[in-house]
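Source file: run_24.csv (CSV, C-alpha atoms and all ligand atoms)
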```
chain,number,residue,atom,x,y,z
A,1,MET,CA,153.2,146.9,150.0
A,2,ILE,CA,156.4,145.8,148.2
A,3,VAL,CA,156.3,143.9,144.9
A,4,LEU,CA,159.1,142.3,142.9
A,5,GLY,CA,158.7,142.4,139.1
A,6,ILE,CA,160.5,140.3,136.4
A,7,GLU,CA,160.6,141.2,132.7
A,8,THR,CA,162.1,138.9,130.0
A,9,SER,CA,159.7,139.2,127.1
A,10,CYS,CA,162.1,140.6,124.5
A,11,ASP,CA,165.8,141.6,124.8
A,12,GLU,CA,166.1,143.1,128.2
A,13,THR,CA,166.5,140.9,131.3
A,14,ALA,CA,165.1,143.2,134.0
A,15,VAL,CA,164.0,143.1,137.6
A,16,GLY,CA,162.3,145.9,139.5
A,17,ILE,CA,161.1,146.3,143.1
A,18,VAL,CA,158.5,148.9,143.9
A,19,THR,CA,156.4,150.1,146.9
A,20,ASP,CA,153.3,152.2,147.2
A,21,SER,CA,154.2,153.7,150.6
A,22,VAL,CA,155.7,156.8,149.1
A,23,ALA,CA,154.9,159.0,146.0
A,24,GLY,CA,156.4,159.3,142.5
A,25,GLU,CA,159.8,158.0,141.5
A,26,ALA,CA,160.6,157.3,145.2
A,27,ARG,CA,158.4,154.3,144.8
A,28,ILE,CA,161.2,152.6,142.8
A,29,LEU,CA,163.4,150.6,145.3
A,30,ALA,CA,165.4,148.8,142.6
A,31,ASN,CA,165.6,149.0,138.8
A,32,VAL,CA,168.1,146.7,137.2
A,33,VAL,CA,168.1,146.2,133.4
A,34,ALA,CA,170.7,143.9,131.6
A,35,THR,CA,170.4,144.6,127.9
A,36,GLN,CA,171.3,141.9,125.3
A,37,PHE,CA,172.7,144.5,123.0
A,38,THR,CA,176.0,142.7,122.4
A,39,GLU,CA,174.3,139.3,121.9
A,40,HIS,CA,172.0,140.5,119.1
A,41,LYS,CA,174.2,143.2,117.5
A,42,PRO,CA,175.9,140.9,115.0
A,43,TYR,CA,172.4,139.9,113.6
A,44,GLY,CA,171.0,143.4,113.4
A,45,GLY,CA,167.9,142.4,115.4
A,46,VAL,CA,166.6,140.2,118.2
A,47,VAL,CA,167.2,136.5,117.7
A,48,PRO,CA,164.5,134.7,119.8
A,49,GLU,CA,166.6,131.6,120.7
A,50,ILE,CA,169.7,133.7,121.6
A,51,ALA,CA,167.4,136.0,123.7
A,52,ALA,CA,166.0,133.0,125.6
A,53,ARG,CA,169.4,131.7,126.5
A,54,ALA,CA,170.7,135.1,127.4
A,55,HIS,CA,167.8,135.6,129.8
A,56,LEU,CA,168.6,132.3,131.5
A,57,ASP,CA,172.3,133.3,131.8
A,58,LYS,CA,171.5,136.8,133.2
A,59,ILE,CA,168.4,136.4,135.4
A,60,ASP,CA,170.1,135.3,138.6
A,61,ASP,CA,172.6,138.1,138.6
A,62,VAL,CA,170.0,140.7,137.8
A,63,LEU,CA,167.8,139.4,140.7
A,64,HIS,CA,170.7,139.6,143.1
A,65,GLU,CA,171.6,143.1,142.0
A,66,ALA,CA,168.0,144.2,142.5
A,67,PHE,CA,167.8,142.9,146.0
A,68,LYS,CA,171.1,144.5,146.7
A,69,GLN,CA,170.0,147.9,145.3
A,70,ALA,CA,166.8,147.8,147.4
A,71,GLY,CA,168.6,146.5,150.5
A,72,LEU,CA,165.8,143.9,150.8
A,73,GLN,CA,165.4,140.2,150.7
A,74,LEU,CA,162.9,137.9,148.9
A,75,SER,CA,161.2,137.3,152.3
A,76,GLN,CA,160.4,141.0,152.5
A,77,MET,CA,158.4,141.0,149.3
A,78,ASP,CA,154.6,141.0,149.6
A,79,ALA,CA,154.1,139.5,146.1
A,80,VAL,CA,156.1,138.4,143.1
A,81,ALA,CA,155.1,139.5,139.6
A,82,ALA,CA,156.4,138.4,136.2
A,83,THR,CA,155.6,139.0,132.6
A,84,CYS,CA,153.6,136.0,131.3
A,85,GLY,CA,153.1,137.4,127.8
A,86,PRO,CA,152.9,138.6,125.1
A,87,GLY,CA,156.4,138.3,123.8
A,88,LEU,CA,159.1,135.9,122.5
A,89,ILE,CA,158.0,132.7,124.2
A,90,GLY,CA,161.4,131.3,125.2
A,91,GLY,CA,162.2,134.5,127.1
A,92,VAL,CA,158.7,134.8,128.6
A,93,MET,CA,159.0,131.3,129.9
A,94,VAL,CA,162.3,132.1,131.6
A,95,GLY,CA,160.8,135.0,133.5
A,96,ALA,CA,157.5,133.3,134.3
A,97,MET,CA,159.2,130.2,135.6
A,98,THR,CA,161.7,132.3,137.7
A,99,GLY,CA,158.8,134.3,139.2
A,100,LYS,CA,156.7,131.3,139.9
A,101,SER,CA,159.7,129.5,141.6
A,102,LEU,CA,160.4,132.5,143.8
A,103,SER,CA,156.8,132.7,144.7
A,104,ALA,CA,156.6,129.1,145.6
A,105,VAL,CA,159.8,129.1,147.6
A,106,ALA,CA,159.0,132.2,149.5
A,107,GLN,CA,155.3,131.4,149.8
A,108,LYS,CA,154.3,134.7,148.3
A,109,PRO,CA,151.4,135.4,146.0
A,110,PHE,CA,152.2,135.3,142.3
A,111,ILE,CA,150.9,137.8,139.7
A,112,ALA,CA,151.0,137.1,136.0
A,113,VAL,CA,151.5,140.4,134.3
A,114,ASN,CA,150.6,141.3,130.7
A,115,HIS,CA,153.5,143.2,129.3
A,116,LEU,CA,151.2,145.7,127.5
A,117,GLU,CA,149.2,146.3,130.7
A,118,ALA,CA,152.5,147.1,132.4
A,119,HIS,CA,153.3,149.7,129.7
A,120,ALA,CA,149.8,151.1,130.1
A,121,LEU,CA,150.0,151.5,133.9
A,122,THR,CA,153.6,152.7,134.3
A,123,VAL,CA,152.5,156.3,134.2
A,124,ARG,CA,150.5,155.9,137.4
A,125,LEU,CA,153.7,155.1,139.3
A,126,ILE,CA,154.9,158.6,138.5
A,127,TYR,CA,151.8,160.7,138.2
A,128,ASP,CA,148.5,160.8,140.0
A,129,VAL,CA,146.5,160.1,136.9
A,130,ALA,CA,142.9,159.0,137.1
A,131,PHE,CA,141.0,156.5,134.9
A,132,PRO,CA,140.0,156.7,132.1
A,133,TYR,CA,142.9,158.0,130.1
A,134,LEU,CA,143.9,157.7,126.4
A,135,LEU,CA,147.1,155.6,125.9
A,136,LEU,CA,149.2,155.6,122.8
A,137,LEU,CA,151.3,152.4,123.1
A,138,VAL,CA,154.2,152.4,120.7
A,139,SER,CA,156.9,149.8,120.9
A,140,GLY,CA,158.9,147.3,118.9
A,141,GLY,CA,156.0,144.9,118.7
A,142,HIS,CA,152.9,147.1,119.1
A,143,SER,CA,151.3,150.3,117.9
A,144,GLN,CA,147.9,150.8,119.6
A,145,LEU,CA,145.6,153.5,120.8
A,146,VAL,CA,143.9,152.2,123.9
A,147,LEU,CA,141.2,153.6,126.3
A,148,VAL,CA,142.4,152.7,129.7
A,149,GLU,CA,139.3,152.5,131.9
A,150,GLY,CA,140.8,150.8,134.9
A,151,VAL,CA,143.2,148.1,135.9
A,152,GLY,CA,142.4,145.1,133.6
A,153,ASN,CA,139.8,147.2,131.7
A,154,TYR,CA,141.1,148.3,128.3
A,155,ARG,CA,139.4,149.2,125.0
A,156,ARG,CA,141.5,149.1,121.9
A,157,LEU,CA,140.5,152.0,119.7
A,158,GLY,CA,143.1,151.4,116.9
A,159,THR,CA,146.0,149.2,116.1
A,160,THR,CA,148.5,148.6,113.3
A,161,LEU,CA,147.3,146.8,110.2
A,162,ASP,CA,150.9,145.6,109.5
A,163,ASP,CA,154.2,146.6,111.1
A,164,ALA,CA,154.7,148.1,114.5
A,165,VAL,CA,156.1,151.6,114.6
A,166,GLY,CA,159.3,150.5,116.5
A,167,GLU,CA,159.8,147.9,113.7
A,168,CYS,CA,159.6,150.7,111.1
A,169,PHE,CA,162.3,152.7,113.1
A,170,ASP,CA,164.5,149.6,113.5
A,171,LYS,CA,164.3,148.3,109.9
A,172,SER,CA,164.8,151.8,108.4
A,173,ALA,CA,167.8,152.3,110.7
A,174,LYS,CA,169.2,149.0,109.4
A,175,LEU,CA,168.7,150.0,105.8
A,176,LEU,CA,170.5,153.3,106.5
A,177,GLY,CA,173.4,151.4,108.0
A,178,LEU,CA,172.9,152.8,111.5
A,179,GLY,CA,172.9,149.5,113.2
A,180,TYR,CA,171.0,148.2,116.2
A,181,PRO,CA,169.0,149.2,118.2
A,182,GLY,CA,167.6,151.4,115.5
A,183,GLY,CA,165.2,153.8,117.2
A,184,PRO,CA,167.6,155.7,119.4
A,185,LEU,CA,170.4,155.7,116.7
A,186,LEU,CA,167.9,157.1,114.2
A,187,GLU,CA,166.8,159.8,116.6
A,188,LEU,CA,170.5,160.8,117.1
A,189,ALA,CA,171.2,160.8,113.4
A,190,ALA,CA,168.1,162.9,112.7
A,191,GLN,CA,169.6,165.8,114.7
A,192,LYS,CA,171.9,166.6,111.8
A,193,GLY,CA,169.2,166.3,109.1
A,194,GLN,CA,166.3,168.4,107.9
A,195,ALA,CA,162.7,167.1,108.5
A,196,GLY,CA,160.7,167.2,105.3
A,197,SER,CA,163.7,167.3,103.0
A,198,ILE,CA,162.8,163.8,101.6
A,199,PRO,CA,159.1,163.3,100.9
A,200,LEU,CA,157.5,160.2,102.5
A,201,PRO,CA,154.0,158.9,102.5
A,202,LYS,CA,151.7,159.1,105.5
A,203,PRO,CA,149.7,155.9,105.4
A,204,MET,CA,146.2,156.0,107.0
A,205,VAL,CA,146.4,159.7,107.7
A,206,GLY,CA,143.0,161.3,106.9
A,207,ARG,CA,141.2,157.9,107.1
A,208,GLU,CA,138.4,157.2,109.5
A,209,GLY,CA,139.1,155.5,112.8
A,210,CYS,CA,142.5,155.4,114.3
A,211,ASN,CA,144.3,152.4,112.9
A,212,PHE,CA,147.9,152.6,111.7
A,213,SER,CA,150.0,151.2,108.9
A,214,PHE,CA,153.8,151.4,108.7
A,215,SER,CA,154.9,148.9,106.0
A,216,GLY,CA,154.4,151.4,103.1
A,217,LEU,CA,156.6,153.9,104.9
A,218,LYS,CA,159.3,151.3,105.4
A,219,THR,CA,159.1,150.4,101.7
A,220,ALA,CA,159.4,154.1,100.8
A,221,VAL,CA,162.6,154.3,102.8
A,222,ARG,CA,164.0,151.1,101.2
A,223,LEU,CA,163.3,152.4,97.7
A,224,ALA,CA,164.9,155.8,98.4
A,225,VAL,CA,168.0,154.0,99.8
A,226,GLU,CA,168.1,151.7,96.8
A,227,ASN,CA,168.0,154.7,94.4
A,228,ALA,CA,170.6,156.8,96.3
A,229,PRO,CA,174.3,156.8,95.3
A,230,LYS,CA,176.5,154.3,97.3
A,231,PRO,CA,178.1,154.6,99.7
A,232,LEU,CA,175.2,156.5,101.3
A,233,ALA,CA,176.2,160.2,101.9
A,234,PRO,CA,176.0,161.2,105.6
A,235,LEU,CA,173.7,164.1,104.7
A,236,PHE,CA,171.3,161.8,102.9
A,237,VAL,CA,171.2,159.5,106.0
A,238,ALA,CA,170.6,162.4,108.3
A,239,ASN,CA,167.9,163.9,106.1
A,240,MET,CA,166.2,160.6,105.8
A,241,CYS,CA,166.3,160.1,109.6
A,242,ALA,CA,164.8,163.6,110.2
A,243,SER,CA,162.2,163.1,107.5
A,244,LEU,CA,161.1,159.7,108.7
A,245,GLN,CA,161.0,160.7,112.3
A,246,SER,CA,158.9,163.8,111.6
A,247,THR,CA,156.6,161.8,109.3
A,248,ILE,CA,156.1,159.2,112.1
A,249,ALA,CA,155.5,161.9,114.7
A,250,GLN,CA,152.8,163.5,112.4
A,251,ILE,CA,151.1,160.1,111.8
A,252,LEU,CA,151.0,159.3,115.5
A,253,ALA,CA,149.7,162.8,116.4
A,254,GLU,CA,147.0,162.7,113.7
A,255,ARG,CA,145.8,159.2,114.7
A,256,THR,CA,145.7,160.3,118.3
A,257,LEU,CA,143.5,163.3,117.4
A,258,HIS,CA,141.1,160.9,115.6
A,259,ALA,CA,141.0,158.8,118.9
A,260,PHE,CA,140.1,162.0,120.8
A,261,ALA,CA,137.4,162.8,118.3
A,262,MET,CA,135.9,159.3,118.5
A,263,LEU,CA,135.8,159.6,122.3
A,264,GLU,CA,134.3,163.0,122.2
A,265,GLU,CA,131.5,161.8,119.9
A,266,GLU,CA,130.7,159.1,122.5
A,267,GLY,CA,130.7,161.8,125.2
A,268,LYS,CA,133.6,160.1,126.9
A,269,HIS,CA,136.0,162.4,128.8
A,270,VAL,CA,139.6,161.3,129.5
A,271,SER,CA,141.8,162.7,132.1
A,272,ALA,CA,145.1,162.7,130.1
A,273,LEU,CA,146.9,161.5,127.0
A,274,VAL,CA,149.6,159.0,128.0
A,275,VAL,CA,152.3,157.5,126.0
A,276,GLY,CA,154.1,154.2,126.7
A,277,GLY,CA,156.4,151.7,125.1
A,278,GLY,CA,160.0,152.1,123.9
A,279,VAL,CA,159.2,154.5,121.0
A,280,ALA,CA,157.8,156.9,123.5
A,281,ALA,CA,161.4,157.7,124.3
A,282,ASN,CA,161.5,159.8,121.1
A,283,GLN,CA,161.4,163.5,121.7
A,284,SER,CA,160.0,164.5,118.4
A,285,ILE,CA,157.1,162.1,118.9
A,286,ARG,CA,156.5,163.5,122.3
A,287,GLY,CA,156.4,167.0,120.8
A,288,GLY,CA,153.6,166.0,118.4
A,289,LEU,CA,151.6,164.4,121.1
A,290,THR,CA,151.9,167.4,123.5
A,291,GLN,CA,150.2,169.5,120.8
A,292,ALA,CA,147.5,166.9,120.2
A,293,ALA,CA,146.7,166.7,123.9
A,294,GLY,CA,146.7,170.5,124.1
A,295,LYS,CA,144.0,170.7,121.3
A,296,TYR,CA,141.7,168.6,123.5
A,297,GLY,CA,142.7,170.5,126.7
A,298,VAL,CA,144.1,167.5,128.6
A,299,PRO,CA,147.7,167.1,130.0
A,300,PHE,CA,150.2,165.0,128.0
A,301,LEU,CA,151.9,162.6,130.4
A,302,ALA,CA,155.0,160.5,129.5
A,303,PRO,CA,156.9,158.3,132.0
A,304,PRO,CA,160.7,159.1,132.2
A,305,VAL,CA,162.5,157.5,129.2
A,306,PRO,CA,164.1,154.6,131.2
A,307,LEU,CA,160.5,153.6,132.2
A,308,CYS,CA,159.2,153.8,128.6
A,309,THR,CA,161.6,151.1,127.3
A,310,ASP,CA,161.2,147.6,128.8
A,311,ASN,CA,162.1,147.3,132.5
A,312,GLY,CA,161.2,145.4,135.6
A,313,VAL,CA,159.8,148.3,137.5
A,314,MET,CA,156.8,148.5,135.2
A,315,ILE,CA,156.0,144.8,135.8
A,316,ALA,CA,156.4,145.2,139.6
A,317,TRP,CA,154.1,148.3,139.4
A,318,ALA,CA,151.4,146.5,137.3
A,319,GLY,CA,151.7,143.6,139.8
A,320,LEU,CA,151.2,146.0,142.7
A,321,GLU,CA,148.2,147.6,141.1
A,322,ARG,CA,146.6,144.2,140.6
A,323,PHE,CA,147.5,142.9,144.0
A,324,CYS,CA,146.0,146.0,145.7
A,325,LEU,CA,142.7,145.1,144.1
A,326,GLY,CA,143.0,141.5,145.4
A,327,LEU,CA,144.0,140.1,142.0
A,328,LYS,CA,146.5,137.3,142.0
A,329,ASP,CA,147.2,134.2,139.9
A,330,ASP,CA,147.6,130.5,140.3
A,331,LEU,CA,151.0,129.0,139.7
A,332,THR,CA,149.5,126.9,136.9
A,333,VAL,CA,149.2,130.1,134.8
A,334,ARG,CA,151.0,129.7,131.4
A,335,ALA,CA,153.5,131.8,129.5
A,336,ARG,CA,151.9,132.9,126.2
A,337,PRO,CA,153.3,134.5,123.1
A,338,ARG,CA,150.0,136.3,122.3
A,339,TRP,CA,147.8,138.0,124.9
A,340,PRO,CA,145.7,140.9,123.6
A,341,LEU,CA,145.0,143.7,126.1
A,342,ASP,CA,141.3,144.1,125.4
A,343,THR,CA,140.4,140.6,126.5
A,344,LEU,CA,142.9,140.5,129.3
A,345,ASP,CA,140.9,139.1,132.2
A,346,VAL,CA,138.5,137.0,130.1
A,347,ASP,CA,141.6,135.3,128.7
A,348,ARG,CA,143.3,135.0,132.0
A,349,GLU,CA,140.4,132.9,133.3
A,350,ALA,CA,140.9,130.5,130.4
A,351,LEU,CA,144.7,130.1,131.0
B,1,LIG,O1,158.9,148.7,124.6
B,1,LIG,P1,160.3,148.3,124.1
B,1,LIG,O2,161.5,148.6,124.9
B,1,LIG,O3,160.2,146.8,123.7
B,1,LIG,C1,159.1,146.2,123.1
B,1,LIG,O4,158.2,145.8,123.9
B,1,LIG,O5,159.0,146.2,121.9
B,1,LIG,O6,160.4,149.1,122.7
B,1,LIG,C2,161.5,148.9,121.8
B,1,LIG,C3,161.4,149.7,120.6
B,1,LIG,C4,162.4,149.4,119.6
B,1,LIG,O7,161.8,149.3,118.3
B,1,LIG,C5,163.3,150.7,119.6
B,1,LIG,O8,164.0,151.0,118.4
B,1,LIG,C6,162.3,151.7,120.0
B,1,LIG,O9,161.5,151.1,120.9
B,1,LIG,N1,162.9,152.9,120.5
B,1,LIG,C7,162.9,154.1,119.9
B,1,LIG,C8,163.6,155.0,120.7
B,1,LIG,N2,164.1,154.3,121.8
B,1,LIG,C9,163.6,153.1,121.6
B,1,LIG,N3,162.3,154.5,118.7
B,1,LIG,C10,162.4,155.8,118.4
B,1,LIG,N4,163.2,156.7,119.1
B,1,LIG,C11,163.8,156.4,120.2
B,1,LIG,N5,164.5,157.3,120.9
B,2,ZN,ZN,157.7,146.7,125.8
```

Using structure tokens, write down the structure from this file.
Ligand code: KG4
Ligand code: ZN
Amino acid sequence: MIVLGIETSCDETAVGIVTDSVAGEARILANVVATQFTEHKPYGGVVPEIAARAHLDKIDDVLHEAFKQAGLQLSQMDAVAATCGPGLIGGVMVGAMTGKSLSAVAQKPFIAVNHLEAHALTVRLIYDVAFPYLLLLVSGGHSQLVLVEGVGNYRRLGTTLDDAVGECFDKSAKLLGLGYPGGPLLELAAQKGQAGSIPLPKPMVGREGCNFSFSGLKTAVRLAVENAPKPLAPLFVANMCASLQSTIAQILAERTLHAFAMLEEEGKHVSALVVGGGVAANQSIRGGLTQAAGKYGVPFLAPPVPLCTDNGVMIAWAGLERFCLGLKDDLTVRARPRWPLDTLDVDREAL
């Protein structure tokens, strides 16, 4: 089976081609990602209208490059998958329309992929991990703890009450003058600072359940920055980055432990703790999660960093997983800005 995947829901125009005839990373036949870094940099964040136009400009070249990398043609694909939500609607429409057009022209089945489901399933491309597993999904738009019980079968155990964790990284990086994209720059700057040198709150820690809240943390960073002498001293910036990163890592680990405890109370055993989404690229966060998984005696599994941030491979893989189960979609399926994971297939029928 060979599946093409198209991702355009945020600021990466990406196409991947995957197969299930081999194991592990060899399954990736093509992985092309065109970032819109230069387009959004002057604004310090993603501008939806600019993103949509940039996807339109880039998608043809990215597709050609992917076919070239794989040494394959559209006619050799068994199915075409594209992100149909959730995400910035202009961009999602570009990818969904492209995917549907390719599917119609080549007479191949179309699979509408939920972006969050793709993050949730990426780990299975790399590792032989069985359902159910506990997933911490941490990206620019989402912070969720999810019980992954099967393809299309997700139970959301906790979510953020306000900002996503990636947003907290990005906005704090902007306040500290680090620029865009904030997460990776903040991780880099943190290397020169000391964790815990600036006290920060840990919202929701110690509370029941496993919901998150990050807006208070962002406000604490803003107040500290406002009160610090200007221009900001490099040491202050480094210490703030290290303190923020370690605080976030502790919050994520603590909330994950609560999820484990909730599942244990139910008598539900999971095969692994899995992390997905762009923030999962952060090494300090990975460290905290490794310990949390160790406490419950399950392996901690993280896809390689380039597969944690948005890419086309994850869409192709989720498409392949669905297609193998006989799941495909009609070309009337619509692009949607919101598409919660836990009602995925109920919603799909209503599209
Ligand atoms: O999954 P993703 O590529 O796009 C969304 O679906 O949102 O995640 C992007 C987010 C951004 O907020 C970015 O700053 C964050 O992931 N990120 C990181 C790191 N690399 C990317 N956050 C912390 N540390 C990193 N190394
Ligand atoms: Zn994402």

Residues within 6 Å of (161.2, 136.3, 131.5), file coords, all atoms listed in the file, listed as a PyMOL selection string: chain A and resi 7-9+91-96

Check which residues of chain A sit at most 8 Å from ligand LIG 1 (chain B) using only C-alpha atoms and all ligand atoms, and return one row each with the closest pair of atoms and their distance in Å to one decimal, ordered by chain and rising number, as a tab-separated table.
```
residue	atom	partner	partner_atom	distance
A:Ser9	CA	B:LIG1	O4	7.5
A:Cys10	CA	B:LIG1	C1	6.5
A:Asp11	CA	B:LIG1	O3	7.7
A:Glu12	CA	B:LIG1	O2	7.9
A:Gly87	CA	B:LIG1	O4	7.7
A:His115	CA	B:LIG1	O4	7.6
A:Leu116	CA	B:LIG1	O4	7.9
A:His119	CA	B:LIG1	O1	7.6
A:Val138	CA	B:LIG1	O1	7.1
A:Ser139	CA	B:LIG1	O6	4.0
A:Gly140	CA	B:LIG1	O5	3.2
A:Gly141	CA	B:LIG1	O5	4.6
A:His142	CA	B:LIG1	O5	6.8
A:Val165	CA	B:LIG1	O7	7.2
A:Gly166	CA	B:LIG1	O7	3.3
A:Glu167	CA	B:LIG1	O7	5.2
A:Cys168	CA	B:LIG1	O7	7.7
A:Phe169	CA	B:LIG1	O8	5.8
A:Asp170	CA	B:LIG1	O8	5.1
A:Tyr180	CA	B:LIG1	O8	7.9
A:Pro181	CA	B:LIG1	O8	5.3
A:Gly182	CA	B:LIG1	O8	4.6
A:Gly183	CA	B:LIG1	O8	3.3
A:Pro184	CA	B:LIG1	N5	3.8
A:Leu185	CA	B:LIG1	N5	7.4
A:Leu186	CA	B:LIG1	N4	6.8
A:Glu187	CA	B:LIG1	N4	5.4
A:Leu188	CA	B:LIG1	N5	7.9
A:Gln245	CA	B:LIG1	C10	7.9
A:Gly276	CA	B:LIG1	O1	7.6
A:Gly277	CA	B:LIG1	O1	3.9
A:Gly278	CA	B:LIG1	O6	3.3
A:Val279	CA	B:LIG1	N3	3.9
A:Ala280	CA	B:LIG1	C8	6.7
A:Ala281	CA	B:LIG1	N5	4.6
A:Asn282	CA	B:LIG1	N5	3.9
A:Gln283	CA	B:LIG1	N5	7.0
A:Cys308	CA	B:LIG1	O1	6.5
A:Thr309	CA	B:LIG1	O2	3.5
A:Asp310	CA	B:LIG1	O2	4.0
A:Asn311	CA	B:LIG1	O2	7.7
```

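One finds CA of Ser172 in chain A at 17.3 Å from CA of Thr160 in chain A.
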
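You can rank A:Ala54, A:Val275, A:Val18, A:Ala104 by their closest distance to Ala66 in chain A using all atoms listed in the file, and at the top of that list sits A:Val18.
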
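CA of Met314 in chain A is positioned 13.4 Å from CA of Ala302 in chain A.
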
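The spacing separating CA of Glu39 in chain A from CA of Leu63 in chain A amounts to 19.9 Å.
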
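Distances to Gln194 in chain A were evaluated for A:Pro48, A:Cys241, A:Pro304, A:Pro42 using all atoms listed in the file, and the minimum falls at A:Cys241.
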
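Shortest separation to Phe131 in chain A among A:Glu117, A:Glu149, A:Glu266, A:Asp329 occurs at residue A:Glu149, atoms counted being all atoms listed in the file.
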
Closest of A:Asn153, A:Gln69, A:Asn114, A:Gln107 to Ile28 in chain A - atom-to-atom distances counting only C-alpha atoms: A:Gln69

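Each of A:Leu176, A:Leu341, A:Ala189, A:Leu320 was compared to Met1 in chain A using all atoms listed in the file, and A:Leu320 turns out to be the nearest.
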
Answer as a ChimeraX atom specification, residues within 12 Å of (151.2, 140.5, 139.2) using only C-alpha atoms: /A:2-7,78-85,96,99-100,103,108-115,117-118,151-152,312-331,333

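Using all atoms listed in the file, the shortest contact distance between ligand ZN 2 (chain B) and any of A:Gly71, A:Pro203, A:Gly193, A:Pro86 is found at A:Pro86.
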
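Near Ala293 in chain A, within 9 Å and counting only C-alpha atoms, sit Ala253, Thr256, Leu257, Phe260, Ala272, Leu273, Gly288, Val298, Pro299 and Phe300 of chain A, not including residues fewer than 5 positions from it in the same chain.
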
Distance query Ser197 in chain A at most 12 Å, only C-alpha atoms, self and fewer than 4 positions along chain excluded, as a PyMOL selection string: chain A and resi 190+193+235-247

Need the shell around Val146 in chain A: protein/DNA/RNA residues with any atom at most 7 Å away, counting all atoms listed in the file. Skip same-chain ones fewer than 3 positions apart. Format as a compact mmCIF listing (two decimals) with C-alpha atoms, keeping the file's coordinate frame?
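Okay, result.txt is ready:
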```
# COMPACT_ATOMS: atom_id res chain seq x y z
CA LEU A 134 143.90 157.70 126.40
CA LEU A 135 147.10 155.60 125.90
CA LEU A 136 149.20 155.60 122.80
CA TYR A 154 141.10 148.30 128.30
CA ARG A 155 139.40 149.20 125.00
CA ARG A 156 141.50 149.10 121.90
CA LEU A 157 140.50 152.00 119.70
```

Nearby residues (all atoms listed in the file) at most 9 Å from Arg255 in chain A, same-chain spacing under 2 positions excluded, as a PyMOL selection string: chain A and resi 145+158+204-207+209-212+250-253+257-260
